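Asker: Structure: structure-v7.pdb, PDB, C-alpha atoms.
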```pdb
MODEL        1
ATOM      1  CA  MET A  10       6.357 -14.637  16.369  1.00  0.00           C
ATOM      2  CA  TYR A  11       8.976 -14.323  13.605  1.00  0.00           C
ATOM      3  CA  ASP A  12       9.808 -17.873  12.569  1.00  0.00           C
ATOM      4  CA  LYS A  13      11.502 -16.839   9.332  1.00  0.00           C
ATOM      5  CA  ILE A  14      13.234 -13.498   8.855  1.00  0.00           C
ATOM      6  CA  LEU A  15      14.383 -12.265   5.453  1.00  0.00           C
ATOM      7  CA  LEU A  16      17.495 -10.149   5.989  1.00  0.00           C
ATOM      8  CA  ALA A  17      18.109  -8.087   2.848  1.00  0.00           C
ATOM      9  CA  LEU A  18      21.749  -7.059   2.510  1.00  0.00           C
ATOM     10  CA  ASP A  19      23.299  -4.627   0.043  1.00  0.00           C
ATOM     11  CA  LEU A  20      27.000  -5.098   0.913  1.00  0.00           C
ATOM     12  CA  SER A  21      27.273  -1.578   2.321  1.00  0.00           C
ATOM     13  CA  PRO A  22      27.937  -0.100   5.776  1.00  0.00           C
ATOM     14  CA  ALA A  23      24.136  -0.063   6.247  1.00  0.00           C
ATOM     15  CA  ASP A  24      24.292  -3.847   6.685  1.00  0.00           C
ATOM     16  CA  ARG A  25      26.221  -3.976   9.955  1.00  0.00           C
ATOM     17  CA  PRO A  26      23.584  -2.484  12.305  1.00  0.00           C
ATOM     18  CA  ILE A  27      20.795  -4.664  10.896  1.00  0.00           C
ATOM     19  CA  ILE A  28      22.969  -7.810  10.949  1.00  0.00           C
ATOM     20  CA  ASP A  29      23.787  -7.260  14.619  1.00  0.00           C
ATOM     21  CA  HIS A  30      20.164  -6.474  15.466  1.00  0.00           C
ATOM     22  CA  ILE A  31      18.790  -9.543  13.677  1.00  0.00           C
ATOM     23  CA  LYS A  32      21.339 -11.830  15.333  1.00  0.00           C
ATOM     24  CA  GLN A  33      19.991 -10.702  18.710  1.00  0.00           C
ATOM     25  CA  LEU A  34      16.347 -10.889  17.638  1.00  0.00           C
ATOM     26  CA  ALA A  35      16.712 -14.310  16.038  1.00  0.00           C
ATOM     27  CA  THR A  36      18.433 -15.656  19.143  1.00  0.00           C
ATOM     28  CA  ILE A  37      15.650 -14.443  21.430  1.00  0.00           C
ATOM     29  CA  LEU A  38      12.821 -15.602  19.151  1.00  0.00           C
ATOM     30  CA  HIS A  39      14.508 -18.795  17.858  1.00  0.00           C
ATOM     31  CA  SER A  40      14.032 -17.572  14.290  1.00  0.00           C
ATOM     32  CA  ARG A  41      15.493 -18.866  11.047  1.00  0.00           C
ATOM     33  CA  VAL A  42      17.214 -16.208   8.966  1.00  0.00           C
ATOM     34  CA  VAL A  43      17.482 -15.977   5.194  1.00  0.00           C
ATOM     35  CA  LEU A  44      20.374 -13.781   4.074  1.00  0.00           C
ATOM     36  CA  PHE A  45      19.265 -12.193   0.811  1.00  0.00           C
ATOM     37  CA  HIS A  46      21.194 -10.096  -1.668  1.00  0.00           C
ATOM     38  CA  VAL A  47      20.259  -8.799  -5.105  1.00  0.00           C
ATOM     39  CA  ALA A  48      23.107  -8.453  -7.599  1.00  0.00           C
ATOM     40  CA  THR A  49      22.435  -5.359  -9.685  1.00  0.00           C
ATOM     41  CA  GLY A  50      25.340  -5.073 -12.130  1.00  0.00           C
ATOM     42  CA  ALA A  51      25.067  -5.378 -15.898  1.00  0.00           C
ATOM     43  CA  ALA A  52      25.960  -9.085 -15.902  1.00  0.00           C
ATOM     44  CA  ALA A  53      23.334  -9.774 -13.237  1.00  0.00           C
ATOM     45  CA  GLN A  54      20.690  -7.777 -15.116  1.00  0.00           C
ATOM     46  CA  PHE A  55      21.168  -9.680 -18.365  1.00  0.00           C
ATOM     47  CA  HIS A  56      22.368 -13.131 -17.322  1.00  0.00           C
ATOM     48  CA  GLU A  57      20.546 -13.541 -13.991  1.00  0.00           C
ATOM     49  CA  GLU A  58      21.364 -16.938 -12.414  1.00  0.00           C
ATOM     50  CA  ASP A  59      24.078 -17.518 -15.026  1.00  0.00           C
ATOM     51  CA  ALA A  60      25.817 -14.265 -14.126  1.00  0.00           C
ATOM     52  CA  GLY A  61      29.411 -14.475 -13.092  1.00  0.00           C
ATOM     53  CA  GLY A  62      32.120 -11.951 -12.648  1.00  0.00           C
ATOM     54  CA  GLU A  63      33.521  -9.988  -9.778  1.00  0.00           C
ATOM     55  CA  GLU A  64      30.207  -8.639  -8.446  1.00  0.00           C
ATOM     56  CA  VAL A  65      28.637 -12.069  -8.073  1.00  0.00           C
ATOM     57  CA  LYS A  66      31.826 -13.560  -6.630  1.00  0.00           C
ATOM     58  CA  LYS A  67      32.123 -10.722  -4.093  1.00  0.00           C
ATOM     59  CA  SER A  68      28.436 -11.059  -3.177  1.00  0.00           C
ATOM     60  CA  ARG A  69      28.670 -14.793  -2.566  1.00  0.00           C
ATOM     61  CA  THR A  70      31.821 -14.380  -0.466  1.00  0.00           C
ATOM     62  CA  TYR A  71      30.168 -11.665   1.625  1.00  0.00           C
ATOM     63  CA  LEU A  72      27.027 -13.753   2.199  1.00  0.00           C
ATOM     64  CA  LYS A  73      29.134 -16.726   3.280  1.00  0.00           C
ATOM     65  CA  GLN A  74      31.011 -14.545   5.782  1.00  0.00           C
ATOM     66  CA  VAL A  75      27.760 -13.249   7.265  1.00  0.00           C
ATOM     67  CA  ARG A  76      26.362 -16.792   7.322  1.00  0.00           C
ATOM     68  CA  ALA A  77      29.387 -17.860   9.385  1.00  0.00           C
ATOM     69  CA  GLU A  78      28.508 -15.194  11.971  1.00  0.00           C
ATOM     70  CA  PHE A  79      24.964 -16.534  12.304  1.00  0.00           C
ATOM     71  CA  GLU A  80      26.158 -20.131  12.434  1.00  0.00           C
ATOM     72  CA  ALA A  81      28.646 -19.220  15.176  1.00  0.00           C
ATOM     73  CA  ALA A  82      25.696 -17.811  17.128  1.00  0.00           C
ATOM     74  CA  LYS A  83      23.809 -21.091  16.486  1.00  0.00           C
ATOM     75  CA  ILE A  84      21.120 -19.355  14.425  1.00  0.00           C
ATOM     76  CA  PRO A  85      19.669 -21.377  11.536  1.00  0.00           C
ATOM     77  CA  VAL A  86      20.587 -19.503   8.378  1.00  0.00           C
ATOM     78  CA  GLU A  87      20.400 -19.905   4.618  1.00  0.00           C
ATOM     79  CA  LEU A  88      21.585 -17.859   1.653  1.00  0.00           C
ATOM     80  CA  GLU A  89      19.591 -16.570  -1.287  1.00  0.00           C
ATOM     81  CA  MET A  90      20.686 -14.418  -4.204  1.00  0.00           C
ATOM     82  CA  ALA A  91      18.577 -12.737  -6.824  1.00  0.00           C
ATOM     83  CA  PHE A  92      19.469 -10.681  -9.867  1.00  0.00           C
ATOM     84  CA  GLY A  93      17.977  -7.410 -11.052  1.00  0.00           C
ATOM     85  CA  GLU A  94      16.261  -4.576  -9.189  1.00  0.00           C
ATOM     86  CA  PRO A  95      16.415  -4.975  -5.376  1.00  0.00           C
ATOM     87  CA  GLY A  96      12.925  -3.752  -4.445  1.00  0.00           C
ATOM     88  CA  LYS A  97      11.236  -5.853  -7.092  1.00  0.00           C
ATOM     89  CA  GLU A  98      13.234  -8.970  -6.197  1.00  0.00           C
ATOM     90  CA  ILE A  99      12.609  -8.653  -2.452  1.00  0.00           C
ATOM     91  CA  ILE A 100       8.874  -8.264  -3.049  1.00  0.00           C
ATOM     92  CA  LYS A 101       8.877 -11.241  -5.416  1.00  0.00           C
ATOM     93  CA  TRP A 102      10.768 -13.398  -2.886  1.00  0.00           C
ATOM     94  CA  VAL A 103       8.340 -12.529  -0.086  1.00  0.00           C
ATOM     95  CA  ASP A 104       5.339 -13.280  -2.331  1.00  0.00           C
ATOM     96  CA  GLN A 105       6.729 -16.642  -3.435  1.00  0.00           C
ATOM     97  CA  LYS A 106       8.558 -17.992  -0.404  1.00  0.00           C
ATOM     98  CA  ARG A 107       6.929 -16.242   2.538  1.00  0.00           C
ATOM     99  CA  CYS A 108       8.524 -14.966   5.708  1.00  0.00           C
ATOM    100  CA  ASP A 109       7.300 -13.325   8.889  1.00  0.00           C
ATOM    101  CA  LEU A 110       9.548 -10.250   8.832  1.00  0.00           C
ATOM    102  CA  VAL A 111      11.727  -8.415   6.316  1.00  0.00           C
ATOM    103  CA  ALA A 112      14.727  -6.612   7.807  1.00  0.00           C
ATOM    104  CA  MET A 113      17.010  -4.213   5.998  1.00  0.00           C
ATOM    105  CA  GLY A 114      19.385  -1.370   6.615  1.00  0.00           C
ATOM    106  CA  THR A 115      18.756   2.022   5.077  1.00  0.00           C
ATOM    107  CA  HIS A 116      21.027   4.852   4.084  1.00  0.00           C
ATOM    108  CA  GLY A 117      18.633   7.551   5.261  1.00  0.00           C
ATOM    109  CA  HIS A 118      18.319   9.468   1.981  1.00  0.00           C
ATOM    110  CA  LYS A 119      15.831  12.299   2.021  1.00  0.00           C
ATOM    111  CA  LEU A 120      13.295  13.338  -0.630  1.00  0.00           C
ATOM    112  CA  ILE A 121      15.396  14.052  -3.723  1.00  0.00           C
ATOM    113  CA  GLY A 122      17.907  11.380  -2.743  1.00  0.00           C
ATOM    114  CA  ASP A 123      15.117   8.816  -2.543  1.00  0.00           C
ATOM    115  CA  LEU A 124      13.828   9.826  -5.953  1.00  0.00           C
ATOM    116  CA  LEU A 125      17.233   9.766  -7.605  1.00  0.00           C
ATOM    117  CA  LEU A 126      18.820   6.830  -5.809  1.00  0.00           C
ATOM    118  CA  GLY A 127      15.749   4.646  -5.581  1.00  0.00           C
ATOM    119  CA  ALA A 128      13.847   3.998  -2.399  1.00  0.00           C
ATOM    120  CA  THR A 129      14.143   0.232  -2.050  1.00  0.00           C
ATOM    121  CA  ALA A 130      13.017   0.261   1.569  1.00  0.00           C
ATOM    122  CA  SER A 131      10.001   2.422   0.793  1.00  0.00           C
ATOM    123  CA  ARG A 132       9.006   0.305  -2.190  1.00  0.00           C
ATOM    124  CA  VAL A 133       9.291  -2.899  -0.184  1.00  0.00           C
ATOM    125  CA  GLN A 134       7.347  -1.684   2.838  1.00  0.00           C
ATOM    126  CA  HIS A 135       4.480  -0.455   0.671  1.00  0.00           C
ATOM    127  CA  ASN A 136       4.174  -3.630  -1.412  1.00  0.00           C
ATOM    128  CA  ILE A 137       4.299  -6.525   1.036  1.00  0.00           C
ATOM    129  CA  SER A 138       1.938  -7.626   3.785  1.00  0.00           C
ATOM    130  CA  VAL A 139       4.509  -8.649   6.407  1.00  0.00           C
ATOM    131  CA  PRO A 140       6.232  -6.272   8.833  1.00  0.00           C
ATOM    132  CA  VAL A 141       9.394  -4.504   7.683  1.00  0.00           C
ATOM    133  CA  LEU A 142      12.144  -3.616  10.136  1.00  0.00           C
ATOM    134  CA  LEU A 143      14.365  -0.779   8.937  1.00  0.00           C
ATOM    135  CA  LEU A 144      17.524   0.374  10.691  1.00  0.00           C
ATOM    136  CA  ARG A 145      19.256   3.479   9.430  1.00  0.00           C
ATOM    137  CA  VAL A 146      23.038   3.573   9.366  1.00  0.00           C
ATOM    138  CA  ARG A 147      24.462   6.450  11.372  1.00  0.00           C
TER     139      ARG A 147
ENDMDL
END
```
Mind turning this structure into structure tokens?

Answerer:
Amino acid sequence: MYDKILLALDLSPADRPIIDHIKQLATILHSRVVLFHVATGAAAQFHEEDAGGEEVKKSRTYLKQVRAEFEAAKIPVELEMAFGEPGKEIIKWVDQKRCDLVAMGTHGHKLIGDLLLGATASRVQHNISVPVLLLRVR
């Protein structure tokens, strides 16, 4: 059903519930998981793949730690990083590389919060043709 799952991570507490959920789902369905993070800092915005610095280093370390969890559970996993605006980059990745499901945690902002803070989850779910699984952090 879901051969390849894109798991979008933002290095926040919203990641933990979706990580745990996708580990269970991928085990049951024998899915491959792509751990995906978009670096959004100034260096990432302007230098993209050539970006360095603390943000990119922290992001790569985090992704490797999460990858180790999936590997320990014997779930095929790979890492992907993009640079720029998260919603746009997730949509672009799905369009170019294809997956069967996009999974992401949400912070549960309401109305004004979505407008001010950006509604990545909303933008993604309205601009791709594959299912989107959203889990809200409590």

Asker: Decode the PyMOL selection byres ((chain A and resi 10) around 10) for the given file into explicit residues and return them as a compact mmCIF listing (two decimals) with C-alpha atoms, in the frame of the given file.

Answerer:
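So the final result, stored in selection.txt, reads:
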```txt
# COMPACT_ATOMS: atom_id res chain seq x y z
CA TYR A 11 8.98 -14.32 13.60
CA ASP A 12 9.81 -17.87 12.57
CA LYS A 13 11.50 -16.84 9.33
CA LEU A 38 12.82 -15.60 19.15
CA HIS A 39 14.51 -18.80 17.86
CA SER A 40 14.03 -17.57 14.29
CA ASP A 109 7.30 -13.32 8.89
CA LEU A 110 9.55 -10.25 8.83
```

Asker: What would the selection look like, as number ranges by chain, if the PyMOL selection byres ((chain A and resi 86) around 6) were run on the coordinates I just shared?

Answerer: A: 41-43, 85, 87

Asker: I would like the residues chosen by the PyMOL selection byres ((chain A and resi 88) around 8) on the shown file; could you give them as a PyMOL selection string?

Answerer: chain A and resi 43-45+72-73+76+86-87+89-90

Asker: Go through A:Lys106, A:Pro95, A:Ala81, A:Leu18 one by one, measure the shortest atom-to-atom distance of each to Ser68 in chain A using only C-alpha atoms, and give the residue with the smallest value.

Answerer: A:Leu18

Asker: Quick check, in Å to one decimal: how far apart do CA of Thr36 in chain A and CA of Ser131 in chain A lie?

Answerer: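 Straight-line distance from CA of Thr36 in chain A to CA of Ser131 in chain A works out to 27.1 Å.
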
Asker: Would you list the residues near (15.4, -4.5, -7.3) (no more than 12 Å away, in the coordinates of the file, using all atoms listed in the file) as number ranges by chain?

Answerer: A: 17-19, 45-50, 53-54, 90-102, 126-133

Asker: Range 76-88 of chain A, all listed atoms, 5 Å padding on each side: what axis-aligned box centre and edge lengths in Å to one decimal come out, as lines of an AutoDock Vina configuration file?

Answerer:
```
center_x = 24.5
center_y = -18.3
center_z = 9.4
size_x = 19.7
size_y = 16.2
size_z = 25.5
```

Asker: How far is it from CA of Leu142 in chain A to CA of Ala112 in chain A, in Å with one decimal?

Answerer: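 Atom-to-atom, CA of Leu142 in chain A to CA of Ala112 in chain A, that is 4.6 Å.
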
Asker: Could you tell me how far CA of Asn136 in chain A lies from CA of Leu20 in chain A, in Å and to one decimal?

Answerer: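 Value for the CA of Asn136 in chain A-CA of Leu20 in chain A distance: 23.0 Å.
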
Asker: With all atoms listed in the file as the atoms that count, which of A:Val111, A:Asp29, A:Lys83, A:Lys66 lies nearest to Ile137 in chain A?

Answerer: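 Closest candidate: A:Val111.
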
Asker: Counting only C-alpha atoms, which of A:Arg25, A:Lys32, A:His135, A:Lys67 gets nearest to His116 in chain A?

Answerer: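 Answer, going by the shortest atom-to-atom distance: A:Arg25.
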
Asker: From the options A:Val103, A:Glu78, A:Val139, A:Glu63, which residue's atoms come nearest to Ile28 in chain A, counting all atoms listed in the file?

Answerer: A:Glu78

Asker: Kindly indicate which residue among A:Gly62, A:Ala77, A:Ile31, A:Val146 lies nearest to Leu15 in chain A, using all atoms listed in the file for the distances.

Answerer: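 Going through A:Gly62, A:Ala77, A:Ile31, A:Val146 one by one, the smallest distance to Leu15 in chain A is for A:Ile31.
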
Asker: Between A:Ile84, A:Gln105, A:Glu64, A:Arg69, which is the closest to Ala35 in chain A once you count all atoms listed in the file?

Answerer: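 Of the candidates, the smallest distance to Ala35 in chain A is held by A:Ile84.
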